Amino acid sequence: MGIVKIDEGLHEEIRRASTVMCRSINAQAEFWMKIGMLAEANPTLSFSDIIKMQLESAQAPSADAAVA
């Protein structure tokens with residue numbers, strides 16, 4: 001875990017969004033960073049496509065679970 005310095009205005013936006021989305025401020029920032037990273041890596045996907053892809057990958061059984 002590390003510390004990330006962000007602009008005060010962005011921190012306020014994260015705080016407001018975290019309240020609406022029922023997430024901690026850190027969880028909201030992490031969510032936005034993850035979605036942003038995935039959007040940059042997959043520029044043709046919409047936000048909805050990225051969320052759908054993440055939901056599908058979370059439901060797929062891992063290889064370790066299949067072996068056990």
# chains A, B, ... in the order shown; residues from 1 in each chain; ligands from 1
>>> residues_around(residues="A:Phe31", least_positions_apart="3", cutoff="12 Å", atoms="only C-alpha atoms", output="VMD selection string")
chain A and resid 14 17 to 18 21 23 to 28 34 to 38 50 to 51 54
>>> select_by_dssp(residues="stretch 1-51 of chain A", states="alpha helix (DSSP H)", output="VMD selection string")
chain A and resid 8 to 20 25 to 41 47 to 51
>>> residues_around(residues="A:Met1", least_positions_apart="2", cutoff="12 Å", atoms="only C-alpha atoms", output="number ranges by chain")
A: 3-4, 26, 30
>>> write_last_selection(atoms="N, CA and C atoms", output="PDB file, in the first residue's frame")
ATOM      1  N   ILE A   3       1.021   5.794  -0.669  1.00  0.00           N
ATOM      2  CA  ILE A   3       0.312   7.060  -0.538  1.00  0.00           C
ATOM      3  C   ILE A   3       0.369   7.762  -1.882  1.00  0.00           C
ATOM      4  N   VAL A   4      -0.782   8.258  -2.324  1.00  0.00           N
ATOM      5  CA  VAL A   4      -0.871   8.981  -3.588  1.00  0.00           C
ATOM      6  C   VAL A   4      -1.334  10.404  -3.286  1.00  0.00           C
ATOM      7  N   ASN A  26     -11.143   5.738  -0.090  1.00  0.00           N
ATOM      8  CA  ASN A  26     -10.078   4.943  -0.722  1.00  0.00           C
ATOM      9  C   ASN A  26     -10.638   3.961  -1.739  1.00  0.00           C
ATOM     10  N   GLU A  30      -9.819   3.908  -5.697  1.00  0.00           N
ATOM     11  CA  GLU A  30      -9.305   2.673  -6.302  1.00  0.00           C
ATOM     12  C   GLU A  30     -10.194   2.237  -7.462  1.00  0.00           C
TER      13      GLU A  30
END
>>> atom_distance(atom1="atom CA of A:Arg16", atom2="atom CA of A:Ala39")
22.3 Å
>>> atom_distance(atom1="atom CA of A:Glu12", atom2="atom CA of A:Ala29")
11.0 Å
>>> atom_distance(atom1="atom CA of A:Pro43", atom2="atom CA of A:Ala58")
21.2 Å
>>> closest_residue(among="A:Asp7, A:Trp32, A:Ala60, A:Cys22", to="A:Phe47", atoms="only C-alpha atoms")
A:Trp32
>>> decode(residues="stretch 36-57 of chain A", atoms="N, CA and C atoms", output="PDB file, in the first residue's frame")
ATOM      1  N   GLY A  36     -10.270   3.507 -15.009  1.00  0.00           N
ATOM      2  CA  GLY A  36      -9.456   4.323 -15.910  1.00  0.00           C
ATOM      3  C   GLY A  36      -8.352   3.519 -16.573  1.00  0.00           C
ATOM      4  N   MET A  37      -7.693   2.664 -15.803  1.00  0.00           N
ATOM      5  CA  MET A  37      -6.638   1.816 -16.348  1.00  0.00           C
ATOM      6  C   MET A  37      -7.209   0.865 -17.408  1.00  0.00           C
ATOM      7  N   LEU A  38      -8.366   0.258 -17.099  1.00  0.00           N
ATOM      8  CA  LEU A  38      -9.000  -0.650 -18.052  1.00  0.00           C
ATOM      9  C   LEU A  38      -9.485   0.091 -19.297  1.00  0.00           C
ATOM     10  N   ALA A  39      -9.972   1.321 -19.127  1.00  0.00           N
ATOM     11  CA  ALA A  39     -10.424   2.116 -20.268  1.00  0.00           C
ATOM     12  C   ALA A  39      -9.256   2.468 -21.183  1.00  0.00           C
ATOM     13  N   GLU A  40      -8.113   2.803 -20.605  1.00  0.00           N
ATOM     14  CA  GLU A  40      -6.933   3.100 -21.420  1.00  0.00           C
ATOM     15  C   GLU A  40      -6.443   1.861 -22.163  1.00  0.00           C
ATOM     16  N   ALA A  41      -6.516   0.709 -21.514  1.00  0.00           N
ATOM     17  CA  ALA A  41      -6.054  -0.539 -22.126  1.00  0.00           C
ATOM     18  C   ALA A  41      -7.042  -1.069 -23.167  1.00  0.00           C
ATOM     19  N   ASN A  42      -8.311  -0.642 -23.065  1.00  0.00           N
ATOM     20  CA  ASN A  42      -9.369  -1.115 -23.964  1.00  0.00           C
ATOM     21  C   ASN A  42     -10.174   0.073 -24.479  1.00  0.00           C
ATOM     22  N   PRO A  43      -9.580   0.902 -25.325  1.00  0.00           N
ATOM     23  CA  PRO A  43     -10.230   2.158 -25.721  1.00  0.00           C
ATOM     24  C   PRO A  43     -11.529   1.989 -26.511  1.00  0.00           C
ATOM     25  N   THR A  44     -11.782   0.815 -27.035  1.00  0.00           N
ATOM     26  CA  THR A  44     -13.022   0.624 -27.801  1.00  0.00           C
ATOM     27  C   THR A  44     -14.190   0.197 -26.924  1.00  0.00           C
ATOM     28  N   LEU A  45     -13.938  -0.115 -25.652  1.00  0.00           N
ATOM     29  CA  LEU A  45     -15.008  -0.552 -24.763  1.00  0.00           C
ATOM     30  C   LEU A  45     -15.659   0.636 -24.059  1.00  0.00           C
ATOM     31  N   SER A  46     -16.968   0.545 -23.886  1.00  0.00           N
ATOM     32  CA  SER A  46     -17.688   1.558 -23.111  1.00  0.00           C
ATOM     33  C   SER A  46     -17.547   1.239 -21.628  1.00  0.00           C
ATOM     34  N   PHE A  47     -17.959   2.191 -20.787  1.00  0.00           N
ATOM     35  CA  PHE A  47     -17.961   1.956 -19.349  1.00  0.00           C
ATOM     36  C   PHE A  47     -18.783   0.714 -19.025  1.00  0.00           C
ATOM     37  N   SER A  48     -19.960   0.587 -19.638  1.00  0.00           N
ATOM     38  CA  SER A  48     -20.827  -0.568 -19.396  1.00  0.00           C
ATOM     39  C   SER A  48     -20.146  -1.871 -19.801  1.00  0.00           C
ATOM     40  N   ASP A  49     -19.422  -1.848 -20.922  1.00  0.00           N
ATOM     41  CA  ASP A  49     -18.698  -3.047 -21.365  1.00  0.00           C
ATOM     42  C   ASP A  49     -17.611  -3.427 -20.361  1.00  0.00           C
ATOM     43  N   ILE A  50     -16.915  -2.434 -19.828  1.00  0.00           N
ATOM     44  CA  ILE A  50     -15.852  -2.698 -18.858  1.00  0.00           C
ATOM     45  C   ILE A  50     -16.439  -3.294 -17.588  1.00  0.00           C
ATOM     46  N   ILE A  51     -17.549  -2.738 -17.090  1.00  0.00           N
ATOM     47  CA  ILE A  51     -18.191  -3.269 -15.895  1.00  0.00           C
ATOM     48  C   ILE A  51     -18.670  -4.692 -16.140  1.00  0.00           C
ATOM     49  N   LYS A  52     -19.285  -4.936 -17.300  1.00  0.00           N
ATOM     50  CA  LYS A  52     -19.757  -6.285 -17.643  1.00  0.00           C
ATOM     51  C   LYS A  52     -18.586  -7.269 -17.680  1.00  0.00           C
ATOM     52  N   MET A  53     -17.476  -6.863 -18.276  1.00  0.00           N
ATOM     53  CA  MET A  53     -16.284  -7.712 -18.355  1.00  0.00           C
ATOM     54  C   MET A  53     -15.768  -8.037 -16.949  1.00  0.00           C
ATOM     55  N   GLN A  54     -15.760  -7.057 -16.061  1.00  0.00           N
ATOM     56  CA  GLN A  54     -15.288  -7.270 -14.699  1.00  0.00           C
ATOM     57  C   GLN A  54     -16.228  -8.183 -13.914  1.00  0.00           C
ATOM     58  N   LEU A  55     -17.532  -8.012 -14.105  1.00  0.00           N
ATOM     59  CA  LEU A  55     -18.500  -8.885 -13.434  1.00  0.00           C
ATOM     60  C   LEU A  55     -18.349 -10.333 -13.906  1.00  0.00           C
ATOM     61  N   GLU A  56     -18.160 -10.506 -15.211  1.00  0.00           N
ATOM     62  CA  GLU A  56     -17.981 -11.859 -15.753  1.00  0.00           C
ATOM     63  C   GLU A  56     -16.701 -12.502 -15.232  1.00  0.00           C
ATOM     64  N   SER A  57     -15.625 -11.727 -15.135  1.00  0.00           N
ATOM     65  CA  SER A  57     -14.366 -12.307 -14.644  1.00  0.00           C
ATOM     66  C   SER A  57     -14.453 -12.631 -13.153  1.00  0.00           C
TER      67      SER A  57
END
